[in-house]
Amino acid sequence: MSFLSVENLSKKFKEVTAVDGISFSLEKGEILGLLGPNGAGKSTTISMISTLLRPDTGEIMYENTSILKKPKRIQAQLGYVPQEIALYPTLSGRENLEFWGRAYGLKGSHLKNRVNTISEIIGIKERLKDKVKNYSGGMKRRLNIGAALLHEPELIIMDEPTVGIDPQSRKHILDTVLELNKQGMTVIYTSHYMEEVEYLCNKICIMDKGLIIANGTKDELVQMLNDRKKINIKVDQVNDKVINTIRNLKNVDNVLHEDTTIKVTMKNYKQNTFKELIDRLSEAQITIHSVAVNEPNLEAVFLHLTGRELRD
Amino acid sequence: MKIKDILIKDIKKIIYDKKVLTIIILMPIVLMTILGFSLRSMFDSEDSGISDFKVAVVKTYDSDQETHRFIQFLKNNSQGNEEIETLIQDIKAYHPEKIFFDQFLDDDAIQEFMTYDIMAMDNAKQSLNNKEISAVIVLPKDYVYSTFVNTMTPIRNKVTLEVIKHPDKNFTGTIVEEIIEGYNMRLNALVIGKYLFTKETKDYVGIENALKDSALVMEQISEDLRRDIISIKDKSIYGNKNISSFQYYAAAMMAMFLFYAASNGGTLLLQETEDKTMQRLLISGVTISKMIKSNFLMIVCIALLQSIAMILYSSIVLKVTWGNPLLIVLTISLMSFAIGGLGLLISTITLATNNYRFANIFQLFIIHFMSLIGGSFLPVTMLPNFIQKINLLSINGVGIKMYMNIMAGHGLGTIVNYCLILLAMGLVFIITAFYIMKSKRRVKP
């Protein structure tokens, strides 16, 4: 039995279907990434897992117990990091952490110790006395995560925890997530940043319009592209004749150009296809400045599956 | 999580918010000080309390003629009895005018705060119009004759002493009214006692023998009235203290600004939803009913803190005397309970409608309307009649009445109805709030 399993989950808001019969499962110690553009249904899915919303249909099992029937079963073991900064800005960092600790039943010296430990982990120990409204965006985000870690949850759900912060704070948050996972915490991480999901997650569900359109490890998802590769070639000049010549080559799927850069998407990439491409450019007496062969990524997978870019 | 933890957090949120704190604590303090000083004349100059005020007494009877008439009445009914002749000699010492003026109005206890002049009706009315006197006491035609009849015979005649007040001398006029009413009531009680005594004894010893003890009854009357004067004086000191402008506006501003505790507290639940902290609390297993209970208690606590701050400031800085501390605690508690209920109602409406419109309307319009009809801006007696009639529909109106009564020295009996009104208001608000929550509960992800 899985640590967490979701079966045929659906949720409608009036006429809008936010989640449409999705199923997936998660083992203990995994980091599951829910990747998808805004409005894909990620937040609704985690709202249902975290017992905030009741699904119209489907079942959510947490350690063999239906959380629809026994929501308290997961609530005590769940750390929830909302997309918004769900903190009290007029209270200090310490007051916030103590309050959220008490929300999960911590008290006395244990609460005090956990506040100290967590404030160290999230790197705000020196600013605990300050009011949260005076924190930087990155510090607020880290405190937002810290508030969900106080009770040492088995499962932590993070809903786009890095939105709108500086690269340094983002790096700190991602490393924190990896560190927590190393300590045994299971994580569900939603994001529309492909690189974050690639960096963190060992299991990925790509969502779009309420559906899971792809599900697996990163390698499994990339494999779906069937050896499609993107080659960016920087040249001294570009003309229509050369573009048409490349387009007519075998295994070339698409050709675009921006100034003097030619972007070629190839299907069934083989070494001889690449050689043929270079030969054609040489025959047209075009000087090649550089060539970059890009490995396929989740962005490409999403583009391939939906015809749209992830951030559309 | 315990309600106490949510409550502490909510109170901290309010106390740390300087803007809210300014509105609920600083503004009423400033306003009660300014209004107390600037409107002092309105409260103090026209009617200076129970010290040294004057009244006019108008006699509308002919004393000698009525005395003679009564003696004649006795003679006609006595058939030359010697006991009656003795009685006639005795009763001159207990003449009704002697009782009213010498024993009652001239008593030192009354003279300490009220003096009188005997005037003709026209002169008395003129003096009253000129505000030279606080009231006119009119002794009716047949006053002497009827009082003799009432006190010396088994027959009872109606005697009513009238008091004419000036509207601007309402306070002292009311004291005069109460003194005269007390005099009338005491006299009537003694006359009834005498009547029963005479009626019973005449069956055994005959009317003449029964009447021969009337002198004793008269002596008793004058003695009792003198004693009652003391009790009237006591009542006038502890039961009708004059209210100063500082006392009035300390209570009025305190009662008004409690509404802001309700309106600010009433927005917190929706704010929690918007800030997503409510969702976070729900996920951690805290129920919405716990949050609502805490919200109610928080508003009650803030209202209590506000009231304590106002009372401390007004007592220390403005030297306001609030009266019986236990009754003040009772009033503060009931006011806070009603305000808590109102705040809870605002909370549930804002939460159910998912916007601050109602809270804004409440803060911008309803508070000011309530303050007006409740008497927070001006005493309701200065406002039109229709406003006076709806005065008790507002929490502050009820509260101000309670504080005024306590400041004036009245006891629990006088304010008990107001206590029940506040209790009922609070309960109605709470029940309505829970009904709204039950039927319109919704929390968006």
# chains A, B, ... in the order shown; residues from 1 in each chain; ligands from 1
call {"tool": "closest_atom_pairs", "arguments": {"of": "region 278-356 of chain B", "to": "region 81-98 of chain A", "cutoff": "9 Å", "atoms": "only C-alpha atoms", "output": "JSON lines"}}
result
{"residue": "B:Met278", "atom": "CA", "partner": "A:Ala86", "partner_atom": "CA", "distance": 8.4}
{"residue": "B:Gln279", "atom": "CA", "partner": "A:Ala86", "partner_atom": "CA", "distance": 8.6}
{"residue": "B:Arg280", "atom": "CA", "partner": "A:Ala86", "partner_atom": "CA", "distance": 7.1}
call {"tool": "residues_around", "arguments": {"residues": "Met298 (chain B)", "least_positions_apart": "4", "cutoff": "9 Å", "atoms": "only C-alpha atoms", "output": "number ranges by chain"}}
result
B: 6-8, 10-11, 265, 293-294, 302-303, 340
call {"tool": "closest_atom_pairs", "arguments": {"of": "chain B", "to": "chain A", "cutoff": "9 Å", "atoms": "only C-alpha atoms", "output": "tab-separated table"}}
result
residue	atom	partner	partner_atom	distance
B:Met1	CA	A:Ala103	CA	4.8
B:Lys2	CA	A:Ala103	CA	8.1
B:Asp5	CA	A:Phe99	CA	7.2
B:Ile6	CA	A:Phe99	CA	8.0
B:Lys9	CA	A:Phe99	CA	7.4
B:Lys12	CA	A:Leu91	CA	7.5
B:Lys13	CA	A:Thr90	CA	6.3
B:Tyr16	CA	A:Thr90	CA	6.5
B:Asp17	CA	A:Thr90	CA	7.1
B:Glu272	CA	A:Ala86	CA	8.6
B:Asp275	CA	A:Ala86	CA	5.6
B:Lys276	CA	A:Ala86	CA	5.1
B:Thr277	CA	A:Ala86	CA	4.7
B:Met278	CA	A:Ala86	CA	8.4
B:Gln279	CA	A:Leu52	CA	6.9
B:Arg280	CA	A:Tyr80	CA	7.1
B:Leu281	CA	A:Ala103	CA	7.1
B:Leu282	CA	A:Leu52	CA	6.8
B:Ile283	CA	A:Leu52	CA	6.0
B:Ser284	CA	A:Gln75	CA	5.6
B:Gly285	CA	A:Gln75	CA	6.1
B:Val286	CA	A:Ala103	CA	7.2
B:Val443	CA	A:Leu52	CA	8.7
B:Lys444	CA	A:Leu53	CA	8.5
B:Pro445	CA	A:Ser47	CA	6.7
call {"tool": "write_last_selection", "arguments": {"atoms": "N, CA and C atoms", "output": "mmCIF file, in the first residue's frame"}}
result
data_model
loop_
_atom_site.group_PDB
_atom_site.id
_atom_site.type_symbol
_atom_site.label_atom_id
_atom_site.label_comp_id
_atom_site.auth_asym_id
_atom_site.auth_seq_id
_atom_site.Cartn_x
_atom_site.Cartn_y
_atom_site.Cartn_z
ATOM 1 N N MET B 1 -5.704 22.770 19.550
ATOM 2 C CA MET B 1 -5.383 24.131 20.004
ATOM 3 C C MET B 1 -6.513 24.668 20.868
ATOM 4 N N LYS B 2 -6.130 25.331 21.956
ATOM 5 C CA LYS B 2 -7.146 25.854 22.863
ATOM 6 C C LYS B 2 -7.637 27.225 22.381
ATOM 7 N N ASP B 5 -5.427 30.164 23.177
ATOM 8 C CA ASP B 5 -4.291 30.494 22.305
ATOM 9 C C ASP B 5 -4.718 31.397 21.143
ATOM 10 N N ILE B 6 -5.890 31.080 20.565
ATOM 11 C CA ILE B 6 -6.387 31.919 19.462
ATOM 12 C C ILE B 6 -6.753 33.296 20.004
ATOM 13 N N LYS B 9 -3.731 35.453 20.574
ATOM 14 C CA LYS B 9 -3.220 35.928 19.284
ATOM 15 C C LYS B 9 -4.084 37.078 18.749
ATOM 16 N N LYS B 12 -3.539 40.234 20.727
ATOM 17 C CA LYS B 12 -2.238 40.819 20.350
ATOM 18 C C LYS B 12 -2.355 41.577 19.033
ATOM 19 N N LYS B 13 -3.075 40.964 18.081
ATOM 20 C CA LYS B 13 -3.227 41.602 16.762
ATOM 21 C C LYS B 13 -3.851 42.987 16.892
ATOM 22 N N TYR B 16 -1.395 45.404 18.962
ATOM 23 C CA TYR B 16 -0.200 45.809 18.211
ATOM 24 C C TYR B 16 -0.528 46.767 17.064
ATOM 25 N N ASP B 17 -1.816 46.847 16.730
ATOM 26 C CA ASP B 17 -2.205 47.703 15.600
ATOM 27 C C ASP B 17 -2.419 49.131 16.103
ATOM 28 N N GLU B 272 -8.659 36.849 8.180
ATOM 29 C CA GLU B 272 -7.982 35.545 8.308
ATOM 30 C C GLU B 272 -8.178 34.721 7.034
ATOM 31 N N ASP B 275 -6.015 36.338 4.287
ATOM 32 C CA ASP B 275 -4.585 36.095 4.530
ATOM 33 C C ASP B 275 -4.228 34.610 4.483
ATOM 34 N N LYS B 276 -5.258 33.769 4.302
ATOM 35 C CA LYS B 276 -5.097 32.309 4.229
ATOM 36 C C LYS B 276 -4.674 31.690 5.551
ATOM 37 N N THR B 277 -4.651 32.508 6.611
ATOM 38 C CA THR B 277 -4.323 31.913 7.905
ATOM 39 C C THR B 277 -5.476 31.047 8.402
ATOM 40 N N MET B 278 -6.706 31.414 8.008
ATOM 41 C CA MET B 278 -7.837 30.584 8.421
ATOM 42 C C MET B 278 -7.732 29.191 7.807
ATOM 43 N N GLN B 279 -7.369 29.149 6.518
ATOM 44 C CA GLN B 279 -7.211 27.860 5.849
ATOM 45 C C GLN B 279 -6.132 27.026 6.555
ATOM 46 N N ARG B 280 -5.075 27.724 6.915
ATOM 47 C CA ARG B 280 -3.975 27.035 7.588
ATOM 48 C C ARG B 280 -4.436 26.489 8.930
ATOM 49 N N LEU B 281 -5.250 27.291 9.633
ATOM 50 C CA LEU B 281 -5.781 26.836 10.922
ATOM 51 C C LEU B 281 -6.711 25.641 10.731
ATOM 52 N N LEU B 282 -7.554 25.715 9.694
ATOM 53 C CA LEU B 282 -8.482 24.611 9.435
ATOM 54 C C LEU B 282 -7.711 23.326 9.147
ATOM 55 N N ILE B 283 -6.640 23.460 8.367
ATOM 56 C CA ILE B 283 -5.838 22.281 8.032
ATOM 57 C C ILE B 283 -5.172 21.702 9.284
ATOM 58 N N SER B 284 -4.832 22.587 10.217
ATOM 59 C CA SER B 284 -4.188 22.074 11.434
ATOM 60 C C SER B 284 -5.204 21.454 12.391
ATOM 61 N N GLY B 285 -6.483 21.504 12.007
ATOM 62 C CA GLY B 285 -7.496 20.828 12.821
ATOM 63 C C GLY B 285 -8.301 21.760 13.710
ATOM 64 N N VAL B 286 -8.026 23.079 13.634
ATOM 65 C CA VAL B 286 -8.815 24.040 14.418
ATOM 66 C C VAL B 286 -10.156 24.248 13.709
ATOM 67 N N VAL B 443 -15.785 28.747 2.968
ATOM 68 C CA VAL B 443 -14.376 29.148 3.027
ATOM 69 C C VAL B 443 -13.733 28.740 1.720
ATOM 70 N N LYS B 444 -13.232 29.720 0.993
ATOM 71 C CA LYS B 444 -12.638 29.394 -0.306
ATOM 72 C C LYS B 444 -11.194 28.948 -0.153
ATOM 73 N N PRO B 445 -10.761 28.045 -1.005
ATOM 74 C CA PRO B 445 -9.360 27.587 -0.905
ATOM 75 C C PRO B 445 -8.400 28.697 -1.321
#
call {"tool": "select_by_dssp", "arguments": {"residues": "region 69-195 of chain B", "states": "strand (DSSP E or B)", "output": "list in words"}}
result
Met114, Thr115, Tyr116, Asp117, Ile118, Met119, Ala135, Val136, Ile137, Val138, Leu139, Glu162, Val163, Ile164 and Lys165 of chain B
call {"tool": "write_last_selection", "arguments": {"atoms": "C-alpha atoms", "output": "JSON list (two decimals), in the first residue's frame"}}
result
[["chain", "number", "residue", "atom", "x", "y", "z"],
["B", 114, "MET", "CA", -33.56, 74.16, 49.84],
["B", 115, "THR", "CA", -35.00, 77.48, 51.00],
["B", 116, "TYR", "CA", -38.44, 78.86, 50.25],
["B", 117, "ASP", "CA", -40.41, 82.05, 49.98],
["B", 118, "ILE", "CA", -44.16, 82.26, 50.27],
["B", 119, "MET", "CA", -45.43, 84.07, 47.20],
["B", 135, "ALA", "CA", -39.94, 75.07, 41.43],
["B", 136, "VAL", "CA", -43.25, 76.27, 42.78],
["B", 137, "ILE", "CA", -45.08, 74.26, 45.43],
["B", 138, "VAL", "CA", -48.80, 74.93, 45.29],
["B", 139, "LEU", "CA", -50.80, 74.20, 48.44],
["B", 162, "GLU", "CA", -48.70, 70.42, 43.11],
["B", 163, "VAL", "CA", -45.12, 71.14, 41.98],
["B", 164, "ILE", "CA", -44.44, 73.35, 38.97],
["B", 165, "LYS", "CA", -40.89, 72.99, 37.52]]
call {"tool": "residues_around", "arguments": {"residues": "Lys267 (chain A)", "least_positions_apart": "6", "cutoff": "7 Å", "atoms": "only C-alpha atoms", "output": "PyMOL selection string"}}
result
chain A and resi 227-229+251-253
call {"tool": "closest_residue", "arguments": {"among": "B:Thr160, B:Ser289, B:Thr153, B:Ser333", "to": "Lys438 (chain B)", "atoms": "only C-alpha atoms"}}
result
B:Ser289
call {"tool": "decode", "arguments": {"residues": "region 39-190 of chain B", "atoms": "C-alpha atoms", "output": "PDB file, in the first residue's frame"}}
result
ATOM      1  CA  LEU B  39     -19.748  71.513  27.272  1.00  0.00           C
ATOM      2  CA  ARG B  40     -19.275  72.014  30.993  1.00  0.00           C
ATOM      3  CA  SER B  41     -21.570  75.044  30.999  1.00  0.00           C
ATOM      4  CA  MET B  42     -24.385  73.014  29.485  1.00  0.00           C
ATOM      5  CA  PHE B  43     -24.333  70.673  32.449  1.00  0.00           C
ATOM      6  CA  ASP B  44     -23.321  72.929  35.310  1.00  0.00           C
ATOM      7  CA  SER B  45     -24.566  76.512  34.947  1.00  0.00           C
ATOM      8  CA  GLU B  46     -28.302  76.093  34.662  1.00  0.00           C
ATOM      9  CA  ASP B  47     -28.811  73.661  37.444  1.00  0.00           C
ATOM     10  CA  SER B  48     -26.151  73.593  40.029  1.00  0.00           C
ATOM     11  CA  GLY B  49     -27.176  70.485  41.871  1.00  0.00           C
ATOM     12  CA  ILE B  50     -28.650  70.040  45.281  1.00  0.00           C
ATOM     13  CA  SER B  51     -26.770  72.753  47.094  1.00  0.00           C
ATOM     14  CA  ASP B  52     -28.706  75.869  47.876  1.00  0.00           C
ATOM     15  CA  PHE B  53     -31.694  76.192  45.583  1.00  0.00           C
ATOM     16  CA  LYS B  54     -34.874  78.123  46.125  1.00  0.00           C
ATOM     17  CA  VAL B  55     -38.544  77.314  45.744  1.00  0.00           C
ATOM     18  CA  ALA B  56     -41.717  79.314  46.074  1.00  0.00           C
ATOM     19  CA  VAL B  57     -44.699  78.168  48.101  1.00  0.00           C
ATOM     20  CA  VAL B  58     -48.106  79.414  46.971  1.00  0.00           C
ATOM     21  CA  LYS B  59     -51.036  79.245  49.346  1.00  0.00           C
ATOM     22  CA  THR B  60     -54.324  79.126  47.517  1.00  0.00           C
ATOM     23  CA  TYR B  61     -56.423  78.915  50.711  1.00  0.00           C
ATOM     24  CA  ASP B  62     -57.467  81.167  53.579  1.00  0.00           C
ATOM     25  CA  SER B  63     -55.902  79.609  56.658  1.00  0.00           C
ATOM     26  CA  ASP B  64     -58.046  81.336  59.323  1.00  0.00           C
ATOM     27  CA  GLN B  65     -61.262  80.736  57.465  1.00  0.00           C
ATOM     28  CA  GLU B  66     -60.495  77.022  56.944  1.00  0.00           C
ATOM     29  CA  THR B  67     -59.406  76.559  60.559  1.00  0.00           C
ATOM     30  CA  HIS B  68     -62.583  78.190  61.753  1.00  0.00           C
ATOM     31  CA  ARG B  69     -64.557  76.024  59.365  1.00  0.00           C
ATOM     32  CA  PHE B  70     -63.014  72.875  60.794  1.00  0.00           C
ATOM     33  CA  ILE B  71     -63.659  73.925  64.420  1.00  0.00           C
ATOM     34  CA  GLN B  72     -67.221  74.614  63.464  1.00  0.00           C
ATOM     35  CA  PHE B  73     -67.411  71.195  61.874  1.00  0.00           C
ATOM     36  CA  LEU B  74     -66.176  69.583  65.091  1.00  0.00           C
ATOM     37  CA  LYS B  75     -68.583  71.546  67.249  1.00  0.00           C
ATOM     38  CA  ASN B  76     -71.507  70.662  65.019  1.00  0.00           C
ATOM     39  CA  ASN B  77     -70.689  66.993  65.379  1.00  0.00           C
ATOM     40  CA  SER B  78     -69.751  66.937  69.070  1.00  0.00           C
ATOM     41  CA  GLN B  79     -73.019  68.040  70.790  1.00  0.00           C
ATOM     42  CA  GLY B  80     -71.165  70.057  73.426  1.00  0.00           C
ATOM     43  CA  ASN B  81     -68.809  67.367  74.571  1.00  0.00           C
ATOM     44  CA  GLU B  82     -66.034  68.635  76.867  1.00  0.00           C
ATOM     45  CA  GLU B  83     -63.440  66.365  75.308  1.00  0.00           C
ATOM     46  CA  ILE B  84     -63.995  68.078  71.973  1.00  0.00           C
ATOM     47  CA  GLU B  85     -63.416  71.509  73.521  1.00  0.00           C
ATOM     48  CA  THR B  86     -60.089  70.291  74.882  1.00  0.00           C
ATOM     49  CA  LEU B  87     -59.217  68.810  71.531  1.00  0.00           C
ATOM     50  CA  ILE B  88     -59.946  72.122  69.796  1.00  0.00           C
ATOM     51  CA  GLN B  89     -57.489  73.810  72.130  1.00  0.00           C
ATOM     52  CA  ASP B  90     -54.848  71.115  71.447  1.00  0.00           C
ATOM     53  CA  ILE B  91     -55.077  70.978  67.702  1.00  0.00           C
ATOM     54  CA  LYS B  92     -53.980  74.591  67.287  1.00  0.00           C
ATOM     55  CA  ALA B  93     -50.558  73.322  68.207  1.00  0.00           C
ATOM     56  CA  TYR B  94     -50.777  70.826  65.327  1.00  0.00           C
ATOM     57  CA  HIS B  95     -52.053  73.133  62.616  1.00  0.00           C
ATOM     58  CA  PRO B  96     -51.351  71.731  59.059  1.00  0.00           C
ATOM     59  CA  GLU B  97     -49.427  74.890  58.172  1.00  0.00           C
ATOM     60  CA  LYS B  98     -47.308  74.450  61.251  1.00  0.00           C
ATOM     61  CA  ILE B  99     -46.554  70.872  60.238  1.00  0.00           C
ATOM     62  CA  PHE B 100     -45.780  71.772  56.613  1.00  0.00           C
ATOM     63  CA  PHE B 101     -43.747  74.905  57.208  1.00  0.00           C
ATOM     64  CA  ASP B 102     -42.312  74.716  60.724  1.00  0.00           C
ATOM     65  CA  GLN B 103     -41.820  71.004  61.039  1.00  0.00           C
ATOM     66  CA  PHE B 104     -41.108  70.160  57.396  1.00  0.00           C
ATOM     67  CA  LEU B 105     -39.764  72.984  55.183  1.00  0.00           C
ATOM     68  CA  ASP B 106     -38.007  74.803  58.034  1.00  0.00           C
ATOM     69  CA  ASP B 107     -36.275  71.691  59.226  1.00  0.00           C
ATOM     70  CA  ASP B 108     -32.492  72.185  59.249  1.00  0.00           C
ATOM     71  CA  ALA B 109     -31.982  69.138  57.053  1.00  0.00           C
ATOM     72  CA  ILE B 110     -34.144  70.630  54.284  1.00  0.00           C
ATOM     73  CA  GLN B 111     -32.831  74.143  54.773  1.00  0.00           C
ATOM     74  CA  GLU B 112     -29.325  72.900  54.104  1.00  0.00           C
ATOM     75  CA  PHE B 113     -30.084  72.693  50.415  1.00  0.00           C
ATOM     76  CA  MET B 114     -33.558  74.156  49.839  1.00  0.00           C
ATOM     77  CA  THR B 115     -35.003  77.478  51.000  1.00  0.00           C
ATOM     78  CA  TYR B 116     -38.436  78.858  50.254  1.00  0.00           C
ATOM     79  CA  ASP B 117     -40.406  82.054  49.981  1.00  0.00           C
ATOM     80  CA  ILE B 118     -44.163  82.260  50.273  1.00  0.00           C
ATOM     81  CA  MET B 119     -45.429  84.074  47.197  1.00  0.00           C
ATOM     82  CA  ALA B 120     -48.572  84.867  45.270  1.00  0.00           C
ATOM     83  CA  MET B 121     -49.079  82.639  42.252  1.00  0.00           C
ATOM     84  CA  ASP B 122     -48.241  85.344  39.689  1.00  0.00           C
ATOM     85  CA  ASN B 123     -45.038  86.340  41.441  1.00  0.00           C
ATOM     86  CA  ALA B 124     -44.034  82.698  41.810  1.00  0.00           C
ATOM     87  CA  LYS B 125     -44.552  82.024  38.110  1.00  0.00           C
ATOM     88  CA  GLN B 126     -42.594  85.151  37.247  1.00  0.00           C
ATOM     89  CA  SER B 127     -39.689  84.022  39.467  1.00  0.00           C
ATOM     90  CA  LEU B 128     -39.812  80.583  37.913  1.00  0.00           C
ATOM     91  CA  ASN B 129     -39.683  82.051  34.400  1.00  0.00           C
ATOM     92  CA  ASN B 130     -36.708  84.165  35.460  1.00  0.00           C
ATOM     93  CA  LYS B 131     -35.072  80.980  36.819  1.00  0.00           C
ATOM     94  CA  GLU B 132     -34.744  82.625  40.227  1.00  0.00           C
ATOM     95  CA  ILE B 133     -36.352  79.579  41.769  1.00  0.00           C
ATOM     96  CA  SER B 134     -36.264  75.879  40.874  1.00  0.00           C
ATOM     97  CA  ALA B 135     -39.940  75.071  41.429  1.00  0.00           C
ATOM     98  CA  VAL B 136     -43.249  76.274  42.784  1.00  0.00           C
ATOM     99  CA  ILE B 137     -45.076  74.257  45.433  1.00  0.00           C
ATOM    100  CA  VAL B 138     -48.798  74.927  45.288  1.00  0.00           C
ATOM    101  CA  LEU B 139     -50.801  74.200  48.440  1.00  0.00           C
ATOM    102  CA  PRO B 140     -54.357  73.668  47.201  1.00  0.00           C
ATOM    103  CA  LYS B 141     -57.622  75.266  48.259  1.00  0.00           C
ATOM    104  CA  ASP B 142     -59.023  73.489  51.353  1.00  0.00           C
ATOM    105  CA  TYR B 143     -55.489  72.361  52.241  1.00  0.00           C
ATOM    106  CA  VAL B 144     -55.834  73.324  55.919  1.00  0.00           C
ATOM    107  CA  TYR B 145     -59.454  72.163  56.304  1.00  0.00           C
ATOM    108  CA  SER B 146     -58.911  68.855  54.459  1.00  0.00           C
ATOM    109  CA  THR B 147     -55.696  68.084  56.316  1.00  0.00           C
ATOM    110  CA  PHE B 148     -57.491  68.711  59.632  1.00  0.00           C
ATOM    111  CA  VAL B 149     -60.339  66.481  58.547  1.00  0.00           C
ATOM    112  CA  ASN B 150     -57.937  63.764  57.437  1.00  0.00           C
ATOM    113  CA  THR B 151     -55.903  63.834  60.598  1.00  0.00           C
ATOM    114  CA  MET B 152     -58.593  64.516  63.223  1.00  0.00           C
ATOM    115  CA  THR B 153     -61.712  62.726  62.007  1.00  0.00           C
ATOM    116  CA  PRO B 154     -62.580  59.359  60.475  1.00  0.00           C
ATOM    117  CA  ILE B 155     -63.410  61.170  57.210  1.00  0.00           C
ATOM    118  CA  ARG B 156     -60.811  61.320  54.400  1.00  0.00           C
ATOM    119  CA  ASN B 157     -60.490  64.184  51.918  1.00  0.00           C
ATOM    120  CA  LYS B 158     -58.159  64.244  48.943  1.00  0.00           C
ATOM    121  CA  VAL B 159     -55.198  66.649  49.333  1.00  0.00           C
ATOM    122  CA  THR B 160     -52.725  67.026  46.474  1.00  0.00           C
ATOM    123  CA  LEU B 161     -49.707  69.308  46.591  1.00  0.00           C
ATOM    124  CA  GLU B 162     -48.699  70.420  43.105  1.00  0.00           C
ATOM    125  CA  VAL B 163     -45.122  71.137  41.978  1.00  0.00           C
ATOM    126  CA  ILE B 164     -44.444  73.350  38.971  1.00  0.00           C
ATOM    127  CA  LYS B 165     -40.894  72.987  37.516  1.00  0.00           C
ATOM    128  CA  HIS B 166     -38.861  74.987  35.023  1.00  0.00           C
ATOM    129  CA  PRO B 167     -37.529  72.866  32.095  1.00  0.00           C
ATOM    130  CA  ASP B 168     -34.014  74.254  32.620  1.00  0.00           C
ATOM    131  CA  LYS B 169     -34.138  73.399  36.313  1.00  0.00           C
ATOM    132  CA  ASN B 170     -35.082  69.822  35.724  1.00  0.00           C
ATOM    133  CA  PHE B 171     -32.683  68.348  38.228  1.00  0.00           C
ATOM    134  CA  THR B 172     -33.538  70.460  41.252  1.00  0.00           C
ATOM    135  CA  GLY B 173     -37.175  70.554  40.164  1.00  0.00           C
ATOM    136  CA  THR B 174     -37.230  66.776  40.289  1.00  0.00           C
ATOM    137  CA  ILE B 175     -35.750  66.850  43.785  1.00  0.00           C
ATOM    138  CA  VAL B 176     -38.522  69.186  44.937  1.00  0.00           C
ATOM    139  CA  GLU B 177     -41.075  66.912  43.293  1.00  0.00           C
ATOM    140  CA  GLU B 178     -39.670  63.902  45.092  1.00  0.00           C
ATOM    141  CA  ILE B 179     -39.571  65.700  48.440  1.00  0.00           C
ATOM    142  CA  ILE B 180     -43.209  66.744  48.132  1.00  0.00           C
ATOM    143  CA  GLU B 181     -44.214  63.325  46.895  1.00  0.00           C
ATOM    144  CA  GLY B 182     -42.462  61.807  49.903  1.00  0.00           C
ATOM    145  CA  TYR B 183     -44.269  64.254  52.196  1.00  0.00           C
ATOM    146  CA  ASN B 184     -47.645  63.410  50.622  1.00  0.00           C
ATOM    147  CA  MET B 185     -47.064  59.686  50.810  1.00  0.00           C
ATOM    148  CA  ARG B 186     -45.937  59.774  54.420  1.00  0.00           C
ATOM    149  CA  LEU B 187     -48.871  61.949  55.415  1.00  0.00           C
ATOM    150  CA  ASN B 188     -51.301  59.642  53.606  1.00  0.00           C
ATOM    151  CA  ALA B 189     -49.841  56.587  55.277  1.00  0.00           C
ATOM    152  CA  LEU B 190     -50.232  58.150  58.731  1.00  0.00           C
TER     153      LEU B 190
END
